[in-house]
file model_0.cif (mmCIF, C-alpha atoms)
data_run
#
loop_
_atom_site.group_PDB
_atom_site.id
_atom_site.type_symbol
_atom_site.label_atom_id
_atom_site.label_comp_id
_atom_site.auth_asym_id
_atom_site.auth_seq_id
_atom_site.Cartn_x
_atom_site.Cartn_y
_atom_site.Cartn_z
ATOM 1 C CA MET A 139 116.880 104.817 161.360
ATOM 2 C CA THR A 140 114.861 107.388 163.285
ATOM 3 C CA LYS A 141 111.709 106.526 165.251
ATOM 4 C CA ASP A 142 109.549 108.211 162.596
ATOM 5 C CA GLU A 143 111.238 106.139 159.907
ATOM 6 C CA ARG A 144 110.648 102.961 161.925
ATOM 7 C CA ASP A 145 106.978 103.803 162.367
ATOM 8 C CA LEU A 146 106.566 104.454 158.653
ATOM 9 C CA THR A 147 108.392 101.245 157.764
ATOM 10 C CA LEU A 148 106.222 99.213 160.137
ATOM 11 C CA ALA A 149 103.154 100.611 158.380
ATOM 12 C CA ARG A 150 104.267 98.789 155.249
ATOM 13 C CA ASP A 151 103.511 95.288 156.495
ATOM 14 C CA GLY A 152 101.471 94.342 153.419
ATOM 15 C CA TYR A 153 102.421 94.304 149.769
ATOM 16 C CA ARG A 154 99.724 96.558 148.390
ATOM 17 C CA VAL A 155 101.248 98.582 145.570
ATOM 18 C CA THR A 156 100.122 101.994 144.367
ATOM 19 C CA VAL A 157 100.969 102.737 140.737
ATOM 20 C CA LEU A 158 101.502 106.399 139.816
ATOM 21 C CA GLY A 159 102.197 107.589 136.274
ATOM 22 C CA VAL A 160 104.383 110.567 135.385
ATOM 23 C CA PRO A 161 103.943 111.179 131.618
ATOM 24 C CA ASN A 162 106.670 113.796 131.431
ATOM 25 C CA SER A 163 109.411 114.216 128.830
ATOM 26 C CA VAL A 164 110.357 117.891 129.273
ATOM 27 C CA SER A 165 113.675 116.874 130.851
ATOM 28 C CA ALA A 166 114.375 114.119 128.307
ATOM 29 C CA TYR A 167 116.336 114.350 125.061
ATOM 30 C CA CYS A 168 113.194 114.451 122.930
ATOM 31 C CA ILE A 169 109.564 113.376 122.929
ATOM 32 C CA GLY A 170 108.668 109.736 123.567
ATOM 33 C CA VAL A 171 109.124 108.808 127.218
ATOM 34 C CA GLU A 172 105.912 110.595 128.187
ATOM 35 C CA GLY A 173 104.060 107.658 126.587
ATOM 36 C CA ALA A 174 105.548 105.038 128.902
ATOM 37 C CA PRO A 175 102.856 105.031 131.640
ATOM 38 C CA ALA A 176 100.106 104.326 129.115
ATOM 39 C CA ALA A 177 102.215 101.762 127.245
ATOM 40 C CA LEU A 178 103.043 99.790 130.384
ATOM 41 C CA ARG A 179 99.410 99.734 131.461
ATOM 42 C CA GLU A 180 98.412 98.596 127.955
ATOM 43 C CA ALA A 181 101.066 95.869 128.158
ATOM 44 C CA GLY A 182 99.321 94.485 131.236
ATOM 45 C CA LEU A 183 101.290 95.980 134.128
ATOM 46 C CA LEU A 184 98.372 96.145 136.559
ATOM 47 C CA GLU A 185 97.291 92.629 135.646
ATOM 48 C CA ALA A 186 100.843 91.295 136.050
ATOM 49 C CA LEU A 187 101.068 92.815 139.510
ATOM 50 C CA ALA A 188 97.696 91.389 140.525
ATOM 51 C CA LEU A 189 98.513 87.971 139.033
ATOM 52 C CA GLY A 190 101.366 87.646 141.496
ATOM 53 C CA GLY A 191 98.938 88.181 144.352
ATOM 54 C CA THR A 192 99.725 91.855 144.900
ATOM 55 C CA PRO A 193 96.759 94.121 145.738
ATOM 56 C CA VAL A 194 97.089 97.039 143.322
ATOM 57 C CA VAL A 195 95.793 100.604 143.407
ATOM 58 C CA ASP A 196 96.092 102.668 140.234
ATOM 59 C CA ALA A 197 96.481 106.329 141.252
ATOM 60 C CA GLY A 198 96.370 107.471 137.635
ATOM 61 C CA ASP A 199 98.715 109.958 135.992
ATOM 62 C CA LEU A 200 100.088 113.343 136.919
ATOM 63 C CA THR A 201 100.206 116.188 134.388
ATOM 64 C CA THR A 202 101.360 115.327 130.881
ATOM 65 C CA ARG A 203 104.358 117.412 129.856
ATOM 66 C CA VAL A 204 106.109 117.060 126.506
ATOM 67 C CA TRP A 205 109.658 118.005 125.523
ATOM 68 C CA HIS A 206 110.218 120.954 123.209
ATOM 69 C CA PRO A 207 113.409 122.763 122.193
ATOM 70 C CA ASP A 208 114.229 125.454 124.746
ATOM 71 C CA HIS A 209 116.202 128.057 122.826
ATOM 72 C CA ALA A 210 116.233 130.456 125.774
ATOM 73 C CA SER A 211 118.008 127.953 128.034
ATOM 74 C CA PRO A 212 119.810 125.475 125.768
ATOM 75 C CA PHE A 213 122.145 124.016 128.409
ATOM 76 C CA VAL A 214 119.410 123.198 130.939
ATOM 77 C CA GLN A 215 116.310 122.866 128.816
ATOM 78 C CA ASN A 216 112.797 123.306 130.163
ATOM 79 C CA VAL A 217 114.058 123.606 133.727
ATOM 80 C CA GLY A 218 111.074 125.635 134.907
ATOM 81 C CA GLU A 219 108.603 123.050 133.678
ATOM 82 C CA GLU A 220 110.691 120.242 135.171
ATOM 83 C CA ALA A 221 110.731 122.054 138.519
ATOM 84 C CA GLN A 222 106.926 122.097 138.410
ATOM 85 C CA ALA A 223 106.810 118.413 137.458
ATOM 86 C CA SER A 224 109.198 117.433 140.261
ATOM 87 C CA THR A 225 107.202 119.373 142.824
ATOM 88 C CA GLU A 226 103.948 117.817 141.649
ATOM 89 C CA LEU A 227 105.460 114.318 141.903
ATOM 90 C CA ALA A 228 107.066 115.003 145.278
ATOM 91 C CA GLU A 229 103.814 116.219 146.790
ATOM 92 C CA ALA A 230 101.670 113.410 145.348
ATOM 93 C CA ALA A 231 104.150 110.641 146.149
ATOM 94 C CA GLY A 232 105.021 112.154 149.520
ATOM 95 C CA ALA A 233 101.389 111.955 150.633
ATOM 96 C CA LEU A 234 101.180 108.332 149.476
ATOM 97 C CA LEU A 235 104.421 107.348 151.205
ATOM 98 C CA ALA A 236 103.363 109.077 154.414
ATOM 99 C CA GLY A 237 100.184 107.005 154.276
ATOM 100 C CA GLY A 238 102.150 103.769 154.211
ATOM 101 C CA ARG A 239 101.834 103.076 150.492
ATOM 102 C CA ARG A 240 104.455 101.111 148.595
ATOM 103 C CA LEU A 241 104.908 102.907 145.273
ATOM 104 C CA LEU A 242 105.601 102.003 141.679
ATOM 105 C CA VAL A 243 106.188 105.303 139.866
ATOM 106 C CA ILE A 244 106.232 105.100 136.070
ATOM 107 C CA GLY A 245 108.006 107.879 134.219
ATOM 108 C CA GLY A 246 108.699 109.670 132.102
ATOM 109 C CA SER A 247 112.279 110.754 132.319
ATOM 110 C CA CYS A 248 114.807 109.745 134.961
ATOM 111 C CA MET A 249 113.974 112.916 136.856
ATOM 112 C CA VAL A 250 111.281 110.836 138.562
ATOM 113 C CA ALA A 251 114.105 109.602 140.817
ATOM 114 C CA PHE A 252 114.734 113.183 141.930
ATOM 115 C CA GLY A 253 111.019 113.640 142.635
ATOM 116 C CA ILE A 254 110.585 110.428 144.606
ATOM 117 C CA CYS A 255 113.588 111.298 146.794
ATOM 118 C CA ARG A 256 111.959 114.643 147.551
ATOM 119 C CA ALA A 257 108.793 112.691 148.362
ATOM 120 C CA MET A 258 110.665 110.696 150.999
ATOM 121 C CA LYS A 259 111.577 113.948 152.758
ATOM 122 C CA ILE A 260 107.960 115.073 152.658
ATOM 123 C CA ALA A 261 107.001 111.716 154.214
ATOM 124 C CA GLY A 262 109.425 112.309 157.083
ATOM 125 C CA ALA A 263 112.301 110.088 156.013
ATOM 126 C CA ARG A 264 115.907 110.634 155.010
ATOM 127 C CA PRO A 265 116.120 109.888 151.263
ATOM 128 C CA ARG A 266 118.270 106.921 150.281
ATOM 129 C CA LEU A 267 118.457 105.748 146.670
ATOM 130 C CA ILE A 268 119.675 102.730 144.704
ATOM 131 C CA TYR A 269 120.073 104.011 141.137
ATOM 132 C CA ILE A 270 120.029 101.294 138.471
ATOM 133 C CA ASP A 271 121.496 102.845 135.331
ATOM 134 C CA ARG A 272 124.473 102.428 133.036
ATOM 135 C CA HIS A 273 125.020 106.202 133.404
ATOM 136 C CA LEU A 274 125.793 108.298 136.486
ATOM 137 C CA ASP A 275 123.657 111.343 135.584
ATOM 138 C CA LEU A 276 126.065 113.584 137.496
ATOM 139 C CA ASN A 277 126.461 116.207 134.783
ATOM 140 C CA THR A 278 125.557 119.862 135.207
ATOM 141 C CA PRO A 279 124.715 122.657 132.754
ATOM 142 C CA ARG A 280 128.392 123.632 133.008
ATOM 143 C CA SER A 281 129.904 120.177 132.462
ATOM 144 C CA THR A 282 128.003 119.265 129.287
ATOM 145 C CA THR A 283 126.406 121.022 126.354
ATOM 146 C CA GLU A 284 123.686 118.360 125.928
ATOM 147 C CA GLY A 285 121.115 120.366 127.875
ATOM 148 C CA SER A 286 119.029 117.369 128.967
ATOM 149 C CA LEU A 287 118.181 117.196 132.655
ATOM 150 C CA SER A 288 117.865 113.428 132.292
ATOM 151 C CA TRP A 289 121.673 113.400 132.278
ATOM 152 C CA MET A 290 121.820 115.699 135.320
ATOM 153 C CA GLY A 291 119.306 114.322 137.816
ATOM 154 C CA MET A 292 121.722 113.021 140.413
ATOM 155 C CA ALA A 293 123.885 116.153 140.167
ATOM 156 C CA HIS A 294 120.816 118.186 141.109
ATOM 157 C CA ALA A 295 119.801 115.770 143.859
ATOM 158 C CA LEU A 296 123.275 116.178 145.380
ATOM 159 C CA GLY A 297 123.320 119.949 144.829
ATOM 160 C CA LEU A 298 126.616 119.929 142.925
ATOM 161 C CA ASP A 299 128.266 123.180 141.817
ATOM 162 C CA GLY A 300 126.732 124.509 138.642
ATOM 163 C CA THR A 301 123.315 122.924 139.003
ATOM 164 C CA ALA A 302 120.155 124.920 138.371
ATOM 165 C CA SER A 303 118.851 126.705 141.461
ATOM 166 C CA GLU A 304 115.256 125.825 140.533
ATOM 167 C CA LEU A 305 116.015 122.153 141.238
ATOM 168 C CA ALA A 306 119.069 122.020 143.456
ATOM 169 C CA SER A 307 117.267 122.071 146.817
ATOM 170 C CA THR A 308 113.966 121.124 148.402
ATOM 171 C CA GLY A 309 113.202 124.635 149.615
ATOM 172 C CA ASP A 310 115.114 124.405 152.906
ATOM 173 C CA GLY A 311 118.421 125.084 151.155
ATOM 174 C CA ALA A 312 119.686 121.528 151.651
ATOM 175 C CA PRO A 313 120.407 119.090 148.813
ATOM 176 C CA VAL A 314 117.878 116.315 148.345
ATOM 177 C CA LEU A 315 120.507 113.579 148.749
ATOM 178 C CA ASP A 316 123.721 113.137 150.711
ATOM 179 C CA PRO A 317 126.439 111.304 148.733
ATOM 180 C CA SER A 318 126.456 108.516 151.332
ATOM 181 C CA ASP A 319 122.760 107.894 150.598
ATOM 182 C CA LEU A 320 123.269 107.170 146.895
ATOM 183 C CA VAL A 321 124.574 103.945 145.352
ATOM 184 C CA TYR A 322 124.724 103.002 141.689
ATOM 185 C CA LEU A 323 123.843 99.501 140.486
ATOM 186 C CA GLY A 324 124.754 98.473 136.935
ATOM 187 C CA ALA A 325 126.741 101.607 136.087
ATOM 188 C CA ASP A 326 129.637 101.613 133.625
ATOM 189 C CA PRO A 327 131.673 104.695 134.594
ATOM 190 C CA ALA A 328 134.736 103.785 132.527
ATOM 191 C CA ARG A 329 132.792 103.852 129.242
ATOM 192 C CA GLN A 330 129.568 105.720 129.955
ATOM 193 C CA ALA A 331 130.583 108.727 132.078
ATOM 194 C CA THR A 332 132.145 112.101 131.412
ATOM 195 C CA ALA A 333 135.417 113.101 133.042
ATOM 196 C CA TRP A 334 133.439 115.465 135.305
ATOM 197 C CA GLU A 335 131.197 112.636 136.462
ATOM 198 C CA ARG A 336 134.099 110.318 137.242
ATOM 199 C CA GLU A 337 135.737 113.112 139.223
ATOM 200 C CA GLN A 338 132.564 113.645 141.295
ATOM 201 C CA LEU A 339 132.277 109.917 141.891
ATOM 202 C CA ASP A 340 135.793 109.846 143.346
ATOM 203 C CA VAL A 341 135.560 113.077 145.340
ATOM 204 C CA LEU A 342 132.169 112.252 146.878
ATOM 205 C CA LYS A 343 133.022 108.565 147.399
ATOM 206 C CA ILE A 344 129.679 107.390 146.027
ATOM 207 C CA GLY A 345 129.194 103.627 146.041
ATOM 208 C CA VAL A 346 129.100 101.714 142.749
ATOM 209 C CA VAL A 347 128.179 98.092 142.090
ATOM 210 C CA ASP A 348 129.050 98.004 138.433
ATOM 211 C CA GLN A 349 127.544 96.518 135.289
ATOM 212 C CA ALA A 350 129.784 93.444 135.330
ATOM 213 C CA ALA A 351 128.705 92.589 138.881
ATOM 214 C CA LEU A 352 125.022 93.034 138.050
ATOM 215 C CA CYS A 353 125.304 90.734 135.030
ATOM 216 C CA ALA A 354 127.366 88.099 136.849
ATOM 217 C CA ASP A 355 125.016 87.674 139.825
ATOM 218 C CA PRO A 356 122.015 90.026 139.976
ATOM 219 C CA THR A 357 120.898 88.976 143.461
ATOM 220 C CA ALA A 358 124.355 89.303 144.987
ATOM 221 C CA ALA A 359 124.837 92.671 143.278
ATOM 222 C CA ALA A 360 121.528 93.932 144.683
ATOM 223 C CA HIS A 361 122.579 92.735 148.132
ATOM 224 C CA ARG A 362 125.867 94.628 147.821
ATOM 225 C CA ALA A 363 124.020 97.796 146.769
ATOM 226 C CA ILE A 364 121.800 97.678 149.859
ATOM 227 C CA ALA A 365 124.885 97.121 152.033
ATOM 228 C CA HIS A 366 126.357 100.429 150.794
ATOM 229 C CA LEU A 367 123.498 102.339 152.474
ATOM 230 C CA ASP A 368 122.911 103.032 156.151
ATOM 231 C CA ASP A 369 119.969 101.196 157.662
ATOM 232 C CA GLY A 370 116.691 102.937 156.911
ATOM 233 C CA PRO A 371 114.088 103.426 154.183
ATOM 234 C CA PHE A 372 115.260 103.558 150.593
ATOM 235 C CA VAL A 373 113.792 103.715 147.089
ATOM 236 C CA VAL A 374 115.013 102.190 143.849
ATOM 237 C CA HIS A 375 115.152 103.826 140.429
ATOM 238 C CA LEU A 376 115.419 101.840 137.192
ATOM 239 C CA ASP A 377 116.578 103.576 134.023
ATOM 240 C CA VAL A 378 115.746 101.023 131.346
ATOM 241 C CA ASP A 379 118.841 101.970 129.356
ATOM 242 C CA VAL A 380 120.801 99.833 131.827
ATOM 243 C CA LEU A 381 119.457 96.913 129.774
ATOM 244 C CA ASP A 382 121.175 95.382 126.785
ATOM 245 C CA PHE A 383 119.331 97.156 123.965
ATOM 246 C CA LEU A 384 119.367 93.995 121.851
ATOM 247 C CA ASP A 385 117.559 92.052 124.583
ATOM 248 C CA ALA A 386 115.168 94.901 125.309
ATOM 249 C CA PRO A 387 115.075 97.714 122.719
ATOM 250 C CA ILE A 388 112.896 99.948 124.863
ATOM 251 C CA ALA A 389 115.123 102.810 126.052
ATOM 252 C CA GLU A 390 115.457 106.374 124.814
ATOM 253 C CA ASN A 391 119.226 105.803 124.575
ATOM 254 C CA VAL A 392 119.796 103.220 121.830
ATOM 255 C CA ASN A 393 123.566 102.897 122.306
ATOM 256 C CA GLY A 394 123.504 100.206 124.994
ATOM 257 C CA ARG A 395 123.981 97.295 122.589
ATOM 258 C CA ASN A 396 125.742 94.031 123.456
ATOM 259 C CA SER A 397 126.393 95.106 127.029
ATOM 260 C CA GLY A 398 124.348 95.281 130.186
ATOM 261 C CA PRO A 399 121.868 92.904 131.811
ATOM 262 C CA THR A 400 118.819 91.308 130.276
ATOM 263 C CA ILE A 401 115.301 91.937 131.567
ATOM 264 C CA GLU A 402 115.475 88.587 133.351
ATOM 265 C CA MET A 403 118.661 89.617 135.168
ATOM 266 C CA VAL A 404 117.271 92.990 136.216
ATOM 267 C CA GLY A 405 114.097 91.247 137.367
ATOM 268 C CA ARG A 406 116.119 89.092 139.754
ATOM 269 C CA ALA A 407 117.837 92.160 141.188
ATOM 270 C CA LEU A 408 114.515 93.971 141.581
ATOM 271 C CA SER A 409 112.955 91.014 143.405
ATOM 272 C CA HIS A 410 115.705 91.227 145.999
ATOM 273 C CA LEU A 411 115.529 95.011 146.328
ATOM 274 C CA VAL A 412 111.754 95.449 146.386
ATOM 275 C CA HIS A 413 111.279 92.769 149.031
ATOM 276 C CA HIS A 414 113.735 94.294 151.447
ATOM 277 C CA GLU A 415 111.852 95.516 154.498
ATOM 278 C CA ASN A 416 113.215 99.049 154.027
ATOM 279 C CA CYS A 417 112.250 99.463 150.372
ATOM 280 C CA TRP A 418 109.476 102.014 149.945
ATOM 281 C CA GLY A 419 109.137 101.850 146.213
ATOM 282 C CA LEU A 420 110.465 101.745 142.683
ATOM 283 C CA SER A 421 110.508 104.322 139.907
ATOM 284 C CA ILE A 422 111.096 103.643 136.213
ATOM 285 C CA GLY A 423 112.348 106.044 133.561
ATOM 286 C CA GLN A 424 113.494 106.538 129.960
ATOM 287 C CA LEU A 425 111.219 103.979 128.265
ATOM 288 C CA VAL A 426 110.127 104.876 124.719
ATOM 289 C CA PRO A 427 107.118 102.903 123.432
ATOM 290 C CA ALA A 428 108.062 103.576 119.782
ATOM 291 C CA HIS A 429 111.360 101.764 120.316
ATOM 292 C CA ALA A 430 109.652 98.957 122.211
ATOM 293 C CA ALA A 431 107.460 98.299 119.166
ATOM 294 C CA SER A 432 110.514 96.791 117.453
ATOM 295 C CA ASP A 433 110.289 93.752 119.760
ATOM 296 C CA PRO A 434 106.699 92.876 120.730
ATOM 297 C CA THR A 435 107.985 90.642 123.550
ATOM 298 C CA ALA A 436 109.953 93.359 125.352
ATOM 299 C CA LEU A 437 107.217 95.174 127.271
ATOM 300 C CA PRO A 438 105.373 91.948 128.223
ATOM 301 C CA ARG A 439 108.657 90.554 129.562
ATOM 302 C CA LEU A 440 109.274 93.734 131.536
ATOM 303 C CA VAL A 441 105.795 93.815 133.085
ATOM 304 C CA SER A 442 106.121 90.115 133.912
ATOM 305 C CA ALA A 443 109.418 90.816 135.684
ATOM 306 C CA LEU A 444 107.814 93.685 137.621
ATOM 307 C CA GLY A 445 104.876 91.497 138.607
ATOM 308 C CA ALA A 446 107.254 88.815 139.861
ATOM 309 C CA ALA A 447 109.389 91.373 141.711
ATOM 310 C CA PHE A 448 106.415 92.745 143.655
ATOM 311 C CA ALA A 449 104.769 89.357 144.274
ATOM 312 C CA PRO A 450 104.330 88.651 148.010
ATOM 313 C CA ASP A 451 105.849 85.187 147.634
ATOM 314 C CA ALA A 452 109.017 86.408 145.913
ATOM 315 C CA PRO A 453 112.290 85.312 147.568
ATOM 316 C CA PRO A 454 112.853 87.223 150.827
ATOM 317 C CA SER A 455 115.806 89.543 151.316
ATOM 318 C CA ARG A 456 118.823 88.069 153.048
#
call {"tool": "encode", "arguments": {"input": "model_0.cif", "output": "C-alpha cells"}}
result
Amino acid sequence: MTKDERDLTLARDGYRVTVLGVPNSVSAYCIGVEGAPAALREAGLLEALALGGTPVVDAGDLTTRVWHPDHASPFVQNVGEEAQASTELAEAAGALLAGGRRLLVIGGSCMVAFGICRAMKIAGARPRLIYIDRHLDLNTPRSTTEGSLSWMGMAHALGLDGTASELASTGDGAPVLDPSDLVYLGADPARQATAWEREQLDVLKIGVVDQAALCADPTAAAHRAIAHLDDGPFVVHLDVDVLDFLDAPIAENVNGRNSGPTIEMVGRALSHLVHHENCWGLSIGQLVPAHAASDPTALPRLVSALGAAFAPDAPPSR
C-alpha cells in the first residue's frame, strides 16, 4: 500500500455511506436493469442502511441510458454510449472516493464494476476488485457473438486482446486492472464460462473462490477472496445473478436456478468484505425489477442484507 493509499484509507474512519445510482442498461442484454436504482430505493434501501446506524448520503442518479439494438456494431453493442457512461461514473465516483466517501453504487449493468475501478485510479489508488458473480465476464467481441458488454466487463478492465479500444484503457494506455488485482467469488467456471474465458483464467492466473466455497461458508470464502489480493484498498462488485434464482428471482439472467447462494449467504459474505478496513465500496449490477416482482420478498430481503452489511456494529473482519 502506498502512502497516498494509506492516507485515503485512514480518511475512512467512519461508516458514512454515499449511495450513487447508475440507471444504465446500454451494455446489458436488453432493457430492465436501468430501473434498479429506483426499485432499490423504493424497496427501502436508504432506510435499511440508516436503520443499522449508518449515516447515509444519497448522491442521486447519473444519466439514464437505455439499451437498444445496435445494428452497426452487433458484436459490441452501444460501446460508445457505454464509454460515456463509464467515464461519467468514474469521474463522479472518483471525486467521492478521493473525498473519503465509502460508496454503494447501484447499477445498472455489471459495467459499473469497470467504472468504479477507474474511479479508484482517479482517487489515487491502485484498483483491486473482488467480483461476486457466477460468470467471469472475460469475453471479448471476438470470443462471443452475444454482443453484450455485460459479459465482457472484466476483459475490458484487463485490456485483453480483442477488446474495444473505447473501453480498454483509462486514457494513459494502461489497462484498468492487473490480473493479480482481480479475484472472483462465487464463480462457476466449469459450467458458466466459455472456453476462451477458462483459457484466460489459467493464463493470467486469476484467483477464484468458487460457488461451492461461497455456499458452504460465506464468511470463510470472503476471507479467502481478500487473501488473494495484495494489501491495499479494494472494491467489491455484486452481480445478483450469482444468487440462486429460485431464492431471489431478481437477475437479468434467469438461468441460475437451483445453484448458487441465497441472499442470506451473500449477505454474510458482504458483511465480512464491506467491514474490512481496506474496502472502499460496493457496486451492484444486473437487477431487473420486473423479475423481482415475481417474489415480493426478494428486494426487501436484499436491502435488509445490505443494511446489515454496512451497519457499524456488523462483525469485524478477521
call {"tool": "closest_atom_pairs", "arguments": {"input": "model_0.cif", "of": "range 364-400 of chain A", "to": "range 170-187 of chain A", "cutoff": "10 Å", "atoms": "all atoms listed in the file", "output": "Markdown table"}}
result
| residue | atom | partner | partner_atom | distance |
| --- | --- | --- | --- | --- |
| A:Ile388 | CA | A:Ala174 | CA | 9.8 |
| A:Ala389 | CA | A:Val171 | CA | 8.6 |
| A:Glu390 | CA | A:Val171 | CA | 7.2 |
call {"tool": "atom_distance", "arguments": {"input": "model_0.cif", "atom1": "CA of Leu189 in chain A", "atom2": "CA of Ala446 in chain A"}}
result
8.8 Å
call {"tool": "axis_aligned_box", "arguments": {"input": "model_0.cif", "around": "range 202-217 of chain A", "padding_each_side": "4 Å", "output": "lines of an AutoDock Vina configuration file"}}
result
center_x = 111.8
center_y = 122.9
center_z = 128.0
size_x = 28.8
size_y = 23.1
size_z = 19.5
call {"tool": "resolve_selection", "arguments": {"input": "model_0.cif", "expression": "the PyMOL selection byres ((chain A and resi 208) around 12)", "output": "list of chain:residue names"}}
result
A:Val164, A:Ser165, A:Ala166, A:Tyr167, A:Cys168, A:Val204, A:Trp205, A:His206, A:Pro207, A:His209, A:Ala210, A:Ser211, A:Pro212, A:Phe213, A:Val214, A:Gln215, A:Asn216, A:Val217, A:Gly218, A:Glu219, A:Glu284, A:Gly285, A:Ser286
call {"tool": "residues_around", "arguments": {"input": "model_0.cif", "residues": "Asp368 in chain A", "least_positions_apart": "2", "cutoff": "9 Å", "atoms": "all atoms listed in the file", "output": "MDAnalysis selection string"}}
result
chainID A and resid 139 266 318:319 364:366 370
call {"tool": "resolve_selection", "arguments": {"input": "model_0.cif", "expression": "the PyMOL selection byres ((chain A and resi 326) around 10)", "output": "JSON list (two decimals) with C-alpha atoms, keeping the file's coordinate frame"}}
result
[["chain", "number", "residue", "atom", "x", "y", "z"],
["A", 271, "ASP", "CA", 121.50, 102.84, 135.33],
["A", 272, "ARG", "CA", 124.47, 102.43, 133.04],
["A", 273, "HIS", "CA", 125.02, 106.20, 133.40],
["A", 274, "LEU", "CA", 125.79, 108.30, 136.49],
["A", 322, "TYR", "CA", 124.72, 103.00, 141.69],
["A", 323, "LEU", "CA", 123.84, 99.50, 140.49],
["A", 324, "GLY", "CA", 124.75, 98.47, 136.94],
["A", 325, "ALA", "CA", 126.74, 101.61, 136.09],
["A", 327, "PRO", "CA", 131.67, 104.70, 134.59],
["A", 328, "ALA", "CA", 134.74, 103.78, 132.53],
["A", 329, "ARG", "CA", 132.79, 103.85, 129.24],
["A", 330, "GLN", "CA", 129.57, 105.72, 129.96],
["A", 331, "ALA", "CA", 130.58, 108.73, 132.08],
["A", 346, "VAL", "CA", 129.10, 101.71, 142.75],
["A", 347, "VAL", "CA", 128.18, 98.09, 142.09],
["A", 348, "ASP", "CA", 129.05, 98.00, 138.43],
["A", 349, "GLN", "CA", 127.54, 96.52, 135.29],
["A", 350, "ALA", "CA", 129.78, 93.44, 135.33],
["A", 380, "VAL", "CA", 120.80, 99.83, 131.83],
["A", 397, "SER", "CA", 126.39, 95.11, 127.03],
["A", 398, "GLY", "CA", 124.35, 95.28, 130.19]]
call {"tool": "resolve_selection", "arguments": {"input": "model_0.cif", "expression": "the PyMOL selection byres ((chain A and resi 399-410) around 9)", "output": "NGL selection string"}}
result
:A and (324 or 349-350 or 352-361 or 374 or 380-386 or 397-398 or 411-414 or 420 or 436 or 439-440 or 442-444 or 446-449 or 452-456)
call {"tool": "closest_residue", "arguments": {"input": "model_0.cif", "among": "A:Gly345, A:Gly253, A:Pro371, A:Gly246", "to": "Pro265 in chain A", "atoms": "only C-alpha atoms"}}
result
A:Pro371
call {"tool": "closest_residue", "arguments": {"input": "model_0.cif", "among": "A:Pro161, A:Gly423, A:Gly232, A:Gly394", "to": "Tyr269 in chain A", "atoms": "only C-alpha atoms"}}
result
A:Gly423
call {"tool": "atom_distance", "arguments": {"input": "model_0.cif", "atom1": "CA of Val426 in chain A", "atom2": "CA of His294 in chain A"}}
result
23.7 Å
call {"tool": "atom_distance", "arguments": {"input": "model_0.cif", "atom1": "CA of Arg203 in chain A", "atom2": "CA of Asn162 in chain A"}}
result
4.6 Å
call {"tool": "closest_residue", "arguments": {"input": "model_0.cif", "among": "A:Gly419, A:Gly311, A:Pro387, A:Gly238", "to": "Val373 in chain A", "atoms": "only C-alpha atoms"}}
result
A:Gly419
call {"tool": "closest_residue", "arguments": {"input": "model_0.cif", "among": "A:Leu425, A:Val441, A:Leu241, A:Ala312", "to": "Asn391 in chain A", "atoms": "only C-alpha atoms"}}
result
A:Leu425
call {"tool": "residues_near_point", "arguments": {"input": "model_0.cif", "point": "(100.8, 117.2, 135.2)", "cutoff": "9 Å", "atoms": "all atoms listed in the file", "output": "list of chain:residue names"}}
result
A:Val160, A:Pro161, A:Asn162, A:Asp199, A:Leu200, A:Thr201, A:Thr202, A:Arg203, A:Gln222, A:Ala223, A:Glu226, A:Leu227
call {"tool": "residues_around", "arguments": {"input": "model_0.cif", "residues": "Arg240 in chain A", "least_positions_apart": "2", "cutoff": "7 Å", "atoms": "all atoms listed in the file", "output": "PyMOL selection string"}}
result
chain A and resi 154-156+235+238+418-419
call {"tool": "closest_residue", "arguments": {"input": "model_0.cif", "among": "A:Ala351, A:Val314, A:Leu276, A:Leu296", "to": "Arg336 in chain A", "atoms": "only C-alpha atoms"}}
result
A:Leu276
call {"tool": "residues_around", "arguments": {"input": "model_0.cif", "residues": "Ser303 in chain A", "least_positions_apart": "2", "cutoff": "12 Å", "atoms": "all atoms listed in the file", "output": "number ranges by chain"}}
result
A: 214, 217-218, 221, 278-279, 293-295, 297-301, 305-309, 311-313
